[in-house]
Amino acid sequence: MPPERSNSMTTPSFTKASSFGKPFPRFWHSEHFLKLARTLRDHTAVFLLVVFIVVGAFSSDVFLTPRNLLNIMWAVSVLGVVALGQTVLLVTRNFDMSVASVIGLVGIVTVLAQLAGLGLVGSVAVGLLTGAVFGLINGLLVVTTGANPFLITLGTNALAYAASLSLTHSKTLYTTVPAFNEIGRGKIFGVVNHSVIIFIGLALALEFVMSRTVFGRSLYVTGLNATVGRLSGLNIRGAQFAAFILCGVTAALAGIIITARTGSTVGTAGAGYDFDSIIASVLGGTSLFGGRGGALRTVVGVLVLGVLNNLLILLNVPIDSQQIAKGLVFLAVVWADSLVRHV
Amino acid sequence: MQSRKRITALIAAALSASVAYLSPAWADPKPFSLCVVHNMADHPSIAAIVNGMNDEAPLFGAKITYFDPAFDPQKQVSMIEDCIARKSDVIAVNAVDPAAVVPALKKAAEAGIPVIMHNADTNEAGRAYTKTFVGVKSYDQGYSMGSRLAKDFGGKASILVLTGKPGQTDTVNRWAGAEAAFQDAHANIKVLASEPADWSKDKALTVMQDMITRYPKVDAILAEDDGMALGALQALKAAGVENVKIYGVGAYKEACDAIKRHEMQATALHPSYLVGVYTVRAAYDALHGRYLPREILAPTGAIDASNLAQFESECW
Amino acid sequence: MRKAMRCLFDVGSNQVALLIAAAIFAALALATGRTFLTPENLENVTRQVSLDAPVVFGETIVLIAGGLDLAVGATMAMAAILAIGFQGWGATIATFVALGFGFAVGAANGLLVTRARIIPFIATLGTMSVARGVMLTYTHQQPLSGAIESFAFWGAGSLGPVPAPLIVALLLAAALSVCLRYTRFGRNLYAIGGNREAAYLAGISVNRRLFAAFVASGVLSALGGVLLASRLNSATVQLGNDTPLLALSAALIGGASLFGGRGTIGGALLGVLALGMLANGLDLLGVETYHQIAIRAAILILVVGADALLGNLAKRRSAGVGAVSLT
């Protein structure tokens, strides 16, 4: 049997509001505030998205043009793919910080496969397999030891980066299969980019799997209460492994799209995608504490970030304080999350 | 201004390819150890420097060990100290932070180990402890692209700019050089927008898509390195925008190919390979107490379709 | 196997750390052909280690109380930046501004954990992100430099053959050890980390103590940043990116646990010494960068994984389900 998650602070006994702290309710523990918090929390992303779109429509004449909207979709599709994998993992109360370096590594491995003579399908398969292997390694380390997934995947992140460096010795590699580049550059009917189709398709597929299948439900149960799940005969370990592998594969997919877009590799191509994918998921309404969230919510969360970035450029806004805003939004959303959870 | 005159002279020299730092190739075979502390950081430019060093090392009997502080100034200082402890004969440093390395440089000087700066120099205080700086002036690169752009458009153009990470030496200096060139040419260059793309091709691609949506009628794009220029090129292709001239810096192999296809207008030479070669030579000279100039600059200048054939070997 | 693990576990954390540190020391002394043992190099190592030590102490204190602080690196970097940025006001004021920032981050962490009841590693991840943002905005990503001459002593100076930061680190270690071992505050932290509910029921003001632990971590990280600024005579946003992982690895090697209730300052000192010697040794041996990255990553995975296995073992034993095999 797998051991319980290690961090003692997440055990139910501690999180009970009655176990310690002052007994009388504070304002933000009052019923009204909680209801408000939950409503806001559930619809943060939708609310923000509407606000941004209204701001954009009034302040820029190009914002609402079809081309700009397609640009936004195109720009967010890579982060979106990563965030979808991250969402599945978050639902099981796990994290994957290794996506940052797995993205770069997969790009490198894929191009190396092409240089070794493999074609479109072969090289993509090798790339996806690399992602799956890293997902499996993460899963093995976290599930068998019960260690904090955040720290373990920071470790495997460094391993993936070391692998990238040793494979390329800092040299840039160029793709050799023109059909491969079409994954990142081509458009269906000359309008919608392939990567956008991949992102939306993946989102719909995952939404279906997560909400309509037994496997999907077992993901939620794993995050909510692993013991109950195990006692009711669900394969909790299997769900965790599957989520880790899936997250590795989506990171790989993102790496493939980035490489196909630029036609060349960099080991640091995925820098920042770790934190950003978590922020996008959490913003969309997926809980960091497991058991809550969904693929379509993440699509909205990703769109919020994408529209924001697009607006900042269209309106020529200096981006110095963006990082502060990101951190504060993260804390606010997490705070709301834990409030809702403690009821 | 004095410096501008020097630059003009330098560019002329670069184009005639006559500037070269020569050290005798009949070096005595006695091996010496060279400690190189630089950021690998996955950048092809550094890979080219390493190639230059590795190719030149056997000619001068240098045994090179590389250390990578990964952009952490604290680690760089520790690593330089570790090089001193290893009793390296010479230390070559690519400064992460011009000021932060100074104490370590001082320590090396006190231990009697000559230090060569390469690629990124230390500050005024640090120069007291170093023998020379081997590198390319990023200001000059910006200047050569700026004057090239002004010339191409007869002094009147509206442009979009992609910069590196805000605040970094190359980001600041390349833009300062370009602006100075615009002024010297009395050109009326209108900067419609300037955005950082953090030296990343992928980010440049995304950012440029948005910029070109906002400003579809633009004459030229000036990117602070070729990676970003190539990202911008792809954004233009995707958006179906044509007749925009793109200027980069660095002479990436991919950029040279794009110039050959007339997809990019020009790039500024950045002979990283030569920087590697010169660093090994300077290390040899420093070890043997020979005179070293304060700066050993690898040449820079504009590469375009007309002179590409001459400089193609310097693309990396 | 399990018995062996438990033995190792029960011998006492300091002995394990001592063993690891001694093994690394011996291995390097042999492998580097005495380069490692030269006085100059030993001075280097102790100086490098002393600069990291305050941060590791802070992390250890939080771990003892059952928390985790990922903001230590960002706090350290921002403190270094403030210590340089406020030099115009004099070194003393600059130092206090930096320490004040550490206090503020620690207090924010403490409030988020005790009042908003966000689990520590997520709360501190958030404050880390905000602190990094403040840093980017404050510096515009430009390095700051130029400190007063006298300020450089604390990080770069020496008293005879002894590096000044080593003296700071040792004094700090002594003071914190006494504090953890002999004061009520210290004993309370162990109690809280060991079993929070029991501690609460025993009348310990859990929230106040936890808050204080996070504040201590913030101030100690800031102190590390001040020493660093003093040594480098400059500061940039690039500082401290690896620090949270280094601090955590060192603290875990030193006998602390992510499960709380365990760990000592002495062990933390040995842990940071072991990692510092290893980094120095790998440099002396000329080990390639990517191998060094991989080795550090493997150590992190190893200590976090082992901590989880042992912790779960202990928990299971106390819960009476020890019969289930882990392997």
# chains A, B, ... in the order shown; residues from 1 in each chain; ligands from 1
>>> select_by_dssp(residues="range 61-271 of chain A", states="alpha helix (DSSP H)", output="ChimeraX atom specification")
/A:66-91,99-115,120-145,149-168,178-185,194-212,214-224,226-231,236-262
>>> write_last_selection(atoms="C-alpha atoms", output="compact mmCIF listing (two decimals), in the first residue's frame")
# COMPACT_ATOMS: atom_id res chain seq x y z
CA PRO A 66 -10.33 37.98 -35.88
CA ARG A 67 -6.64 37.97 -36.61
CA ASN A 68 -5.74 39.25 -33.15
CA LEU A 69 -8.07 36.78 -31.47
CA LEU A 70 -6.46 33.97 -33.45
CA ASN A 71 -3.07 35.34 -32.43
CA ILE A 72 -4.07 35.06 -28.80
CA MET A 73 -5.26 31.48 -29.25
CA TRP A 74 -2.06 30.66 -31.05
CA ALA A 75 0.11 32.31 -28.41
CA VAL A 76 -1.54 30.48 -25.51
CA SER A 77 -1.76 27.07 -27.12
CA VAL A 78 1.64 25.87 -25.85
CA LEU A 79 1.06 27.03 -22.28
CA GLY A 80 -2.45 25.62 -22.60
CA VAL A 81 -1.24 22.16 -23.47
CA VAL A 82 1.17 22.15 -20.51
CA ALA A 83 -1.50 23.53 -18.18
CA LEU A 84 -3.95 20.80 -19.18
CA GLY A 85 -1.50 18.12 -18.11
CA GLN A 86 -0.77 20.04 -14.94
CA THR A 87 -4.50 20.26 -14.22
CA VAL A 88 -4.93 16.50 -14.30
CA LEU A 89 -2.03 16.20 -11.90
CA LEU A 90 -3.27 18.96 -9.60
CA VAL A 91 -6.62 17.22 -9.34
CA VAL A 99 7.83 20.41 -17.21
CA ALA A 100 10.18 23.41 -17.49
CA SER A 101 13.14 21.30 -18.53
CA VAL A 102 11.26 18.36 -20.04
CA ILE A 103 9.91 20.75 -22.70
CA GLY A 104 13.44 21.69 -23.75
CA LEU A 105 14.75 18.14 -23.51
CA VAL A 106 11.94 16.73 -25.66
CA GLY A 107 12.66 19.30 -28.35
CA ILE A 108 16.29 18.24 -28.37
CA VAL A 109 15.54 14.51 -28.38
CA THR A 110 13.02 14.93 -31.19
CA VAL A 111 15.49 16.79 -33.39
CA LEU A 112 18.22 14.29 -32.55
CA ALA A 113 15.86 11.55 -33.71
CA GLN A 114 15.38 13.44 -36.97
CA LEU A 115 19.12 13.84 -37.39
CA LEU A 120 7.79 12.93 -38.78
CA VAL A 121 5.97 10.14 -36.99
CA GLY A 122 9.09 8.45 -35.65
CA SER A 123 10.63 11.58 -34.20
CA VAL A 124 7.38 12.77 -32.64
CA ALA A 125 6.91 9.32 -31.11
CA VAL A 126 10.41 9.41 -29.64
CA GLY A 127 9.70 12.88 -28.22
CA LEU A 128 6.41 11.85 -26.65
CA LEU A 129 8.02 8.73 -25.25
CA THR A 130 10.71 10.84 -23.59
CA GLY A 131 8.01 12.88 -21.89
CA ALA A 132 6.20 9.74 -20.80
CA VAL A 133 9.41 8.31 -19.35
CA PHE A 134 9.99 11.44 -17.29
CA GLY A 135 6.39 11.31 -16.14
CA LEU A 136 6.90 7.70 -15.13
CA ILE A 137 10.09 8.54 -13.23
CA ASN A 138 8.28 11.34 -11.40
CA GLY A 139 5.41 9.01 -10.62
CA LEU A 140 7.68 6.26 -9.35
CA LEU A 141 9.61 8.62 -7.10
CA VAL A 142 6.57 10.37 -5.69
CA VAL A 143 4.14 7.48 -5.39
CA THR A 144 6.54 4.92 -3.94
CA THR A 145 8.15 7.24 -1.40
CA PRO A 149 5.96 16.00 -5.35
CA PHE A 150 7.00 19.62 -5.65
CA LEU A 151 10.52 18.96 -4.36
CA ILE A 152 10.97 15.65 -6.16
CA THR A 153 9.99 17.13 -9.52
CA LEU A 154 12.31 20.09 -8.94
CA GLY A 155 15.01 17.42 -8.70
CA THR A 156 13.96 15.63 -11.89
CA ASN A 157 13.70 19.05 -13.54
CA ALA A 158 17.42 19.54 -12.91
CA LEU A 159 18.10 16.03 -14.21
CA ALA A 160 16.27 16.82 -17.45
CA TYR A 161 18.23 20.06 -17.82
CA ALA A 162 21.51 18.24 -17.23
CA ALA A 163 20.49 15.73 -19.90
CA SER A 164 19.75 18.57 -22.34
CA LEU A 165 23.14 20.13 -21.74
CA SER A 166 25.02 16.88 -22.11
CA LEU A 167 23.15 16.00 -25.34
CA THR A 168 23.81 19.31 -27.09
CA PRO A 178 9.79 20.07 -43.15
CA ALA A 179 6.53 18.25 -42.39
CA PHE A 180 7.45 18.41 -38.70
CA ASN A 181 7.67 22.20 -38.75
CA GLU A 182 4.10 22.27 -40.05
CA ILE A 183 2.93 21.13 -36.60
CA GLY A 184 3.92 24.53 -35.30
CA ARG A 185 3.49 26.71 -38.36
CA HIS A 194 -2.51 23.29 -35.85
CA SER A 195 -1.32 23.99 -32.32
CA VAL A 196 -4.64 25.68 -31.51
CA ILE A 197 -6.50 22.63 -32.78
CA ILE A 198 -4.26 20.38 -30.68
CA PHE A 199 -4.90 22.52 -27.59
CA ILE A 200 -8.68 22.64 -27.98
CA GLY A 201 -8.91 18.99 -28.98
CA LEU A 202 -6.88 17.94 -25.96
CA ALA A 203 -8.99 20.12 -23.67
CA LEU A 204 -12.25 18.57 -24.93
CA ALA A 205 -10.86 15.04 -24.70
CA LEU A 206 -9.57 15.56 -21.18
CA GLU A 207 -12.80 17.23 -20.07
CA PHE A 208 -14.68 14.19 -21.30
CA VAL A 209 -12.30 11.71 -19.65
CA MET A 210 -12.22 13.60 -16.36
CA SER A 211 -15.94 14.10 -15.99
CA ARG A 212 -17.45 11.10 -17.71
CA VAL A 214 -14.46 5.95 -14.04
CA PHE A 215 -10.81 6.75 -14.49
CA GLY A 216 -11.61 10.45 -14.42
CA ARG A 217 -13.59 10.13 -11.23
CA SER A 218 -10.77 8.13 -9.64
CA LEU A 219 -8.48 11.11 -10.30
CA TYR A 220 -10.76 13.35 -8.23
CA VAL A 221 -11.15 10.78 -5.49
CA THR A 222 -7.37 10.40 -5.31
CA GLY A 223 -7.06 14.11 -4.67
CA LEU A 224 -9.95 14.34 -2.24
CA ALA A 226 -7.03 8.59 -1.16
CA THR A 227 -7.95 6.29 1.71
CA VAL A 228 -11.63 6.32 0.91
CA GLY A 229 -10.83 5.71 -2.72
CA ARG A 230 -8.62 2.78 -1.90
CA LEU A 231 -11.20 1.25 0.40
CA ILE A 236 -5.34 5.13 -6.51
CA ARG A 237 -1.74 4.38 -7.38
CA GLY A 238 -2.70 3.77 -10.98
CA ALA A 239 -4.52 7.09 -11.12
CA GLN A 240 -1.47 8.92 -9.79
CA PHE A 241 0.87 7.18 -12.21
CA ALA A 242 -1.43 7.91 -15.11
CA ALA A 243 -1.65 11.57 -14.13
CA PHE A 244 2.13 11.91 -13.92
CA ILE A 245 2.64 10.19 -17.27
CA LEU A 246 -0.07 12.29 -18.87
CA CYS A 247 1.57 15.46 -17.57
CA GLY A 248 4.92 14.30 -18.96
CA VAL A 249 3.31 13.61 -22.34
CA THR A 250 1.61 17.01 -22.52
CA ALA A 251 4.90 18.69 -21.62
CA ALA A 252 6.46 16.69 -24.45
CA LEU A 253 3.72 17.80 -26.80
CA ALA A 254 4.43 21.41 -25.85
CA GLY A 255 8.13 20.85 -26.47
CA ILE A 256 7.35 19.44 -29.91
CA ILE A 257 5.11 22.39 -30.80
CA ILE A 258 7.71 24.95 -29.67
CA THR A 259 10.45 23.19 -31.62
CA ALA A 260 8.27 22.95 -34.71
CA ARG A 261 7.45 26.65 -34.45
CA THR A 262 10.99 27.88 -34.18
>>> interface_residues(of="chain C", to="chain A", cutoff="7 Å", atoms="only C-alpha atoms", output="MDAnalysis selection string")
chainID C and resid 116:119 123 126:127 129:130 133:134 136:137 197 200 258:259 290:291 293:294 297:298 300:301 304:305 308:309 312
>>> write_last_selection(atoms="C-alpha atoms", output="JSON list (two decimals), in the first residue's frame")
[["chain", "number", "residue", "atom", "x", "y", "z"],
["C", 116, "ALA", "CA", -5.03, 32.28, 6.22],
["C", 117, "ARG", "CA", -4.09, 28.64, 6.88],
["C", 118, "ILE", "CA", -2.44, 28.06, 3.53],
["C", 119, "ILE", "CA", -0.03, 25.15, 3.62],
["C", 123, "ALA", "CA", 2.25, 30.16, 0.89],
["C", 126, "GLY", "CA", 3.60, 32.78, -3.39],
["C", 127, "THR", "CA", 5.67, 35.17, -1.29],
["C", 129, "SER", "CA", 7.08, 35.00, -6.43],
["C", 130, "VAL", "CA", 6.03, 38.38, -5.03],
["C", 133, "GLY", "CA", 8.66, 40.61, -8.59],
["C", 134, "VAL", "CA", 9.49, 43.39, -6.15],
["C", 136, "LEU", "CA", 12.67, 43.00, -10.68],
["C", 137, "THR", "CA", 10.72, 46.22, -10.28],
["C", 197, "GLU", "CA", -2.60, 19.04, 18.00],
["C", 200, "TYR", "CA", -2.08, 22.88, 21.08],
["C", 258, "LEU", "CA", 9.76, 17.60, 6.29],
["C", 259, "PHE", "CA", 7.56, 15.86, 8.87],
["C", 290, "TYR", "CA", 25.97, 19.02, -16.36],
["C", 291, "HIS", "CA", 27.32, 16.24, -14.20],
["C", 293, "ILE", "CA", 23.78, 19.67, -11.92],
["C", 294, "ALA", "CA", 22.80, 16.02, -12.09],
["C", 297, "ALA", "CA", 19.58, 16.91, -8.32],
["C", 298, "ALA", "CA", 20.23, 13.31, -7.32],
["C", 300, "LEU", "CA", 17.93, 16.41, -3.51],
["C", 301, "ILE", "CA", 15.81, 13.50, -4.72],
["C", 304, "VAL", "CA", 13.67, 14.14, 0.10],
["C", 305, "GLY", "CA", 12.80, 10.56, -0.85],
["C", 308, "ALA", "CA", 9.58, 10.61, 3.17],
["C", 309, "LEU", "CA", 10.27, 6.87, 3.48],
["C", 312, "ASN", "CA", 6.17, 7.36, 6.76]]
>>> residues_around(residues="Val304 in chain A", least_positions_apart="3", cutoff="12 Å", atoms="only C-alpha atoms", output="PyMOL selection string")
chain A and resi 43-53+72-73+75-76+79-80+276+279-284+297-301+307-311+326
>>> write_last_selection(atoms="C-alpha atoms", output="PDB file, in the first residue's frame")
ATOM      1  CA  HIS A  43     -15.613  32.187 -11.527  1.00  0.00           C
ATOM      2  CA  THR A  44     -12.407  34.200 -11.064  1.00  0.00           C
ATOM      3  CA  ALA A  45     -11.148  33.422 -14.510  1.00  0.00           C
ATOM      4  CA  VAL A  46     -14.418  34.069 -16.332  1.00  0.00           C
ATOM      5  CA  PHE A  47     -14.794  37.360 -14.480  1.00  0.00           C
ATOM      6  CA  LEU A  48     -11.261  38.473 -15.306  1.00  0.00           C
ATOM      7  CA  LEU A  49     -11.600  37.355 -18.905  1.00  0.00           C
ATOM      8  CA  VAL A  50     -14.729  39.462 -19.385  1.00  0.00           C
ATOM      9  CA  VAL A  51     -13.059  42.486 -17.788  1.00  0.00           C
ATOM     10  CA  PHE A  52      -9.982  42.160 -19.978  1.00  0.00           C
ATOM     11  CA  ILE A  53     -12.015  41.722 -23.142  1.00  0.00           C
ATOM     12  CA  ILE A  72      -4.074  35.062 -28.801  1.00  0.00           C
ATOM     13  CA  MET A  73      -5.260  31.481 -29.246  1.00  0.00           C
ATOM     14  CA  ALA A  75       0.107  32.310 -28.410  1.00  0.00           C
ATOM     15  CA  VAL A  76      -1.537  30.480 -25.514  1.00  0.00           C
ATOM     16  CA  LEU A  79       1.061  27.030 -22.283  1.00  0.00           C
ATOM     17  CA  GLY A  80      -2.447  25.622 -22.604  1.00  0.00           C
ATOM     18  CA  ASP A 276       2.816  29.600 -15.283  1.00  0.00           C
ATOM     19  CA  ILE A 279      -1.026  29.609 -12.152  1.00  0.00           C
ATOM     20  CA  ALA A 280      -3.182  29.113 -15.248  1.00  0.00           C
ATOM     21  CA  SER A 281      -4.781  25.977 -13.800  1.00  0.00           C
ATOM     22  CA  VAL A 282      -5.336  27.520 -10.394  1.00  0.00           C
ATOM     23  CA  LEU A 283      -6.709  30.711 -11.903  1.00  0.00           C
ATOM     24  CA  GLY A 284      -9.144  28.637 -13.917  1.00  0.00           C
ATOM     25  CA  ARG A 297     -11.707  25.706 -16.575  1.00  0.00           C
ATOM     26  CA  THR A 298      -8.032  25.616 -17.377  1.00  0.00           C
ATOM     27  CA  VAL A 299      -8.741  26.767 -20.926  1.00  0.00           C
ATOM     28  CA  VAL A 300     -10.346  29.877 -19.452  1.00  0.00           C
ATOM     29  CA  GLY A 301      -7.446  30.349 -17.035  1.00  0.00           C
ATOM     30  CA  VAL A 307      -5.396  38.104 -23.277  1.00  0.00           C
ATOM     31  CA  LEU A 308      -3.489  39.958 -20.569  1.00  0.00           C
ATOM     32  CA  ASN A 309      -0.148  39.465 -22.338  1.00  0.00           C
ATOM     33  CA  ASN A 310      -1.683  40.485 -25.656  1.00  0.00           C
ATOM     34  CA  LEU A 311      -3.165  43.649 -24.169  1.00  0.00           C
ATOM     35  CA  LYS A 326       1.202  37.141 -10.743  1.00  0.00           C
TER      36      LYS A 326
END
>>> residues_around(residues="Asp52 in chain C", least_positions_apart="4", cutoff="10 Å", atoms="only C-alpha atoms", output="PyMOL selection string")
chain C and resi 47-48+56-57+76+165+169+221+223-225+227-228+240+243+246-247+250+269+272-273+276
>>> write_last_selection(atoms="N, CA and C atoms", output="CSV table (one decimal), in the first residue's frame")
chain,number,residue,atom,x,y,z
C,47,ARG,N,34.5,29.9,3.9
C,47,ARG,CA,33.8,31.2,3.6
C,47,ARG,C,32.5,31.0,2.9
C,48,GLN,N,32.6,30.1,1.8
C,48,GLN,CA,31.5,29.9,1.0
C,48,GLN,C,30.3,29.3,1.9
C,56,VAL,N,20.4,28.3,5.9
C,56,VAL,CA,20.1,26.9,6.3
C,56,VAL,C,19.6,26.8,7.7
C,57,PHE,N,20.1,27.7,8.6
C,57,PHE,CA,19.6,27.7,10.0
C,57,PHE,C,18.2,28.1,10.0
C,76,MET,N,16.8,36.3,0.5
C,76,MET,CA,18.2,36.5,0.6
C,76,MET,C,18.7,37.5,-0.5
C,165,PRO,N,32.9,35.9,7.9
C,165,PRO,CA,31.6,35.3,8.0
C,165,PRO,C,31.5,34.0,8.7
C,169,ALA,N,28.9,33.0,11.4
C,169,ALA,CA,28.1,31.8,11.3
C,169,ALA,C,28.2,31.0,12.6
C,221,SER,N,17.5,34.6,6.6
C,221,SER,CA,17.8,34.6,5.2
C,221,SER,C,18.3,36.0,4.8
C,223,LEU,N,19.9,38.0,6.7
C,223,LEU,CA,21.2,38.2,7.2
C,223,LEU,C,22.2,37.5,6.2
C,224,GLY,N,21.9,36.3,5.7
C,224,GLY,CA,22.7,35.7,4.7
C,224,GLY,C,22.8,36.6,3.5
C,225,GLY,N,21.8,37.3,3.1
C,225,GLY,CA,21.8,38.2,2.0
C,225,GLY,C,22.8,39.4,2.2
C,227,LEU,N,25.4,39.4,4.3
C,227,LEU,CA,26.8,38.9,4.2
C,227,LEU,C,27.2,38.7,2.7
C,228,LEU,N,26.3,38.2,1.9
C,228,LEU,CA,26.6,38.0,0.5
C,228,LEU,C,26.9,39.3,-0.2
C,240,GLY,N,20.5,33.6,-5.5
C,240,GLY,CA,19.6,32.9,-4.7
C,240,GLY,C,18.6,32.0,-5.4
C,243,THR,N,19.0,28.6,-3.9
C,243,THR,CA,19.1,28.6,-2.5
C,243,THR,C,18.1,27.8,-1.7
C,246,LEU,N,19.1,24.2,-2.0
C,246,LEU,CA,20.4,24.0,-1.2
C,246,LEU,C,20.0,23.9,0.3
C,247,ALA,N,19.3,25.0,0.8
C,247,ALA,CA,19.0,25.0,2.2
C,247,ALA,C,18.2,23.8,2.7
C,250,ALA,N,20.5,20.7,2.7
C,250,ALA,CA,21.5,20.8,3.8
C,250,ALA,C,20.8,20.5,5.1
C,269,LEU,N,24.6,22.8,10.3
C,269,LEU,CA,25.9,23.3,10.0
C,269,LEU,C,26.7,22.2,9.3
C,272,VAL,N,25.3,21.8,5.6
C,272,VAL,CA,25.7,22.8,4.7
C,272,VAL,C,27.2,22.7,4.4
C,273,LEU,N,28.0,22.2,5.4
C,273,LEU,CA,29.4,22.0,5.2
C,273,LEU,C,29.6,20.9,4.2
C,276,GLY,N,28.8,22.1,0.8
C,276,GLY,CA,29.8,23.1,0.3
C,276,GLY,C,31.1,22.4,-0.1
>>> closest_atom_pairs(of="chain B", to="chain C", cutoff="6 Å", atoms="only C-alpha atoms", output="CSV")
residue,atom,partner,partner_atom,distance
B:Asp68,CA,C:Thr289,CA,5.9
B:Asp72,CA,C:Gln238,CA,5.6
B:Ala85,CA,C:Asn41,CA,5.2
B:Arg86,CA,C:Leu284,CA,5.9
B:Ala99,CA,C:Ser234,CA,5.9
B:Ala100,CA,C:Leu232,CA,4.6
B:Gly167,CA,C:Gln142,CA,4.7
>>> residues_around(residues="Gln209 in chain B", least_positions_apart="2", cutoff="8 Å", atoms="only C-alpha atoms", output="list in words")
Asn71 of chain A; Leu205, Thr206, Val207, Met211, Ile212, Thr213, Ala232, Ala235, Leu236 and Ala239 of chain B
>>> write_last_selection(atoms="N, CA and C atoms", output="PDB file, in the first residue's frame")
ATOM      1  N   ASN A  71      -4.414  35.179 -32.995  1.00  0.00           N
ATOM      2  CA  ASN A  71      -3.069  35.335 -32.433  1.00  0.00           C
ATOM      3  C   ASN A  71      -3.031  34.910 -30.978  1.00  0.00           C
TER       4      ASN A  71
ATOM      5  N   LEU B 205       8.749  35.445 -31.413  1.00  0.00           N
ATOM      6  CA  LEU B 205       7.689  35.049 -32.348  1.00  0.00           C
ATOM      7  C   LEU B 205       6.319  35.482 -31.819  1.00  0.00           C
ATOM      8  N   THR B 206       6.066  35.188 -30.558  1.00  0.00           N
ATOM      9  CA  THR B 206       4.780  35.539 -29.959  1.00  0.00           C
ATOM     10  C   THR B 206       4.611  37.047 -29.858  1.00  0.00           C
ATOM     11  N   VAL B 207       5.639  37.716 -29.346  1.00  0.00           N
ATOM     12  CA  VAL B 207       5.546  39.158 -29.142  1.00  0.00           C
ATOM     13  C   VAL B 207       5.371  39.879 -30.485  1.00  0.00           C
ATOM     14  N   MET B 211       2.763  42.632 -31.994  1.00  0.00           N
ATOM     15  CA  MET B 211       3.224  43.960 -32.412  1.00  0.00           C
ATOM     16  C   MET B 211       2.812  44.252 -33.857  1.00  0.00           C
ATOM     17  N   ILE B 212       2.905  43.237 -34.703  1.00  0.00           N
ATOM     18  CA  ILE B 212       2.634  43.462 -36.114  1.00  0.00           C
ATOM     19  C   ILE B 212       1.127  43.625 -36.351  1.00  0.00           C
ATOM     20  N   THR B 213       0.339  43.069 -35.444  1.00  0.00           N
ATOM     21  CA  THR B 213      -1.101  43.291 -35.521  1.00  0.00           C
ATOM     22  C   THR B 213      -1.413  44.752 -35.232  1.00  0.00           C
ATOM     23  N   ALA B 232      11.047  36.945 -35.222  1.00  0.00           N
ATOM     24  CA  ALA B 232      10.255  38.007 -35.843  1.00  0.00           C
ATOM     25  C   ALA B 232       9.973  37.665 -37.302  1.00  0.00           C
ATOM     26  N   ALA B 235       7.143  35.348 -37.498  1.00  0.00           N
ATOM     27  CA  ALA B 235       5.873  36.014 -37.206  1.00  0.00           C
ATOM     28  C   ALA B 235       5.383  36.754 -38.445  1.00  0.00           C
ATOM     29  N   LEU B 236       6.299  37.429 -39.148  1.00  0.00           N
ATOM     30  CA  LEU B 236       5.913  38.152 -40.357  1.00  0.00           C
ATOM     31  C   LEU B 236       5.391  37.192 -41.413  1.00  0.00           C
ATOM     32  N   ALA B 239       1.994  36.058 -40.549  1.00  0.00           N
ATOM     33  CA  ALA B 239       0.983  37.107 -40.696  1.00  0.00           C
ATOM     34  C   ALA B 239       0.858  37.545 -42.155  1.00  0.00           C
TER      35      ALA B 239
END
>>> residues_around(residues="range 141-153 of chain B", least_positions_apart="2", cutoff="8 Å", atoms="only C-alpha atoms", output="PyMOL selection string")
chain B and resi 11+137-139+155-157+173-182+185+187+189+224+247-249+266-269+300-302
>>> interface_residues(of="chain A", to="chain B", cutoff="6 Å", atoms="only C-alpha atoms", output="list in words")
Ala75, Ser170, Lys171 and Thr172 of chain A
>>> write_last_selection(atoms="C-alpha atoms", output="PDB file, in the first residue's frame")
ATOM      1  CA  ALA A  75       0.107  32.310 -28.410  1.00  0.00           C
ATOM      2  CA  SER A 170      24.941  24.149 -25.683  1.00  0.00           C
ATOM      3  CA  LYS A 171      24.742  23.916 -29.460  1.00  0.00           C
ATOM      4  CA  THR A 172      21.561  24.756 -31.326  1.00  0.00           C
TER       5      THR A 172
END
>>> residues_around(residues="Asp42 in chain A", least_positions_apart="5", cutoff="9 Å", atoms="only C-alpha atoms", output="PyMOL selection string")
chain A and resi 37+284-286
>>> write_last_selection(atoms="N, CA and C atoms", output="PDB file, in the first residue's frame")
ATOM      1  N   ALA A  37     -16.918  34.216  -1.369  1.00  0.00           N
ATOM      2  CA  ALA A  37     -15.582  33.758  -1.744  1.00  0.00           C
ATOM      3  C   ALA A  37     -15.675  32.592  -2.719  1.00  0.00           C
ATOM      4  N   GLY A 284      -7.944  29.178 -13.279  1.00  0.00           N
ATOM      5  CA  GLY A 284      -9.144  28.637 -13.917  1.00  0.00           C
ATOM      6  C   GLY A 284     -10.101  27.990 -12.931  1.00  0.00           C
ATOM      7  N   GLY A 285      -9.628  27.674 -11.741  1.00  0.00           N
ATOM      8  CA  GLY A 285     -10.529  27.101 -10.757  1.00  0.00           C
ATOM      9  C   GLY A 285     -10.128  25.725 -10.269  1.00  0.00           C
ATOM     10  N   THR A 286      -8.976  25.245 -10.688  1.00  0.00           N
ATOM     11  CA  THR A 286      -8.496  23.969 -10.182  1.00  0.00           C
ATOM     12  C   THR A 286      -7.805  24.215  -8.853  1.00  0.00           C
TER      13      THR A 286
END
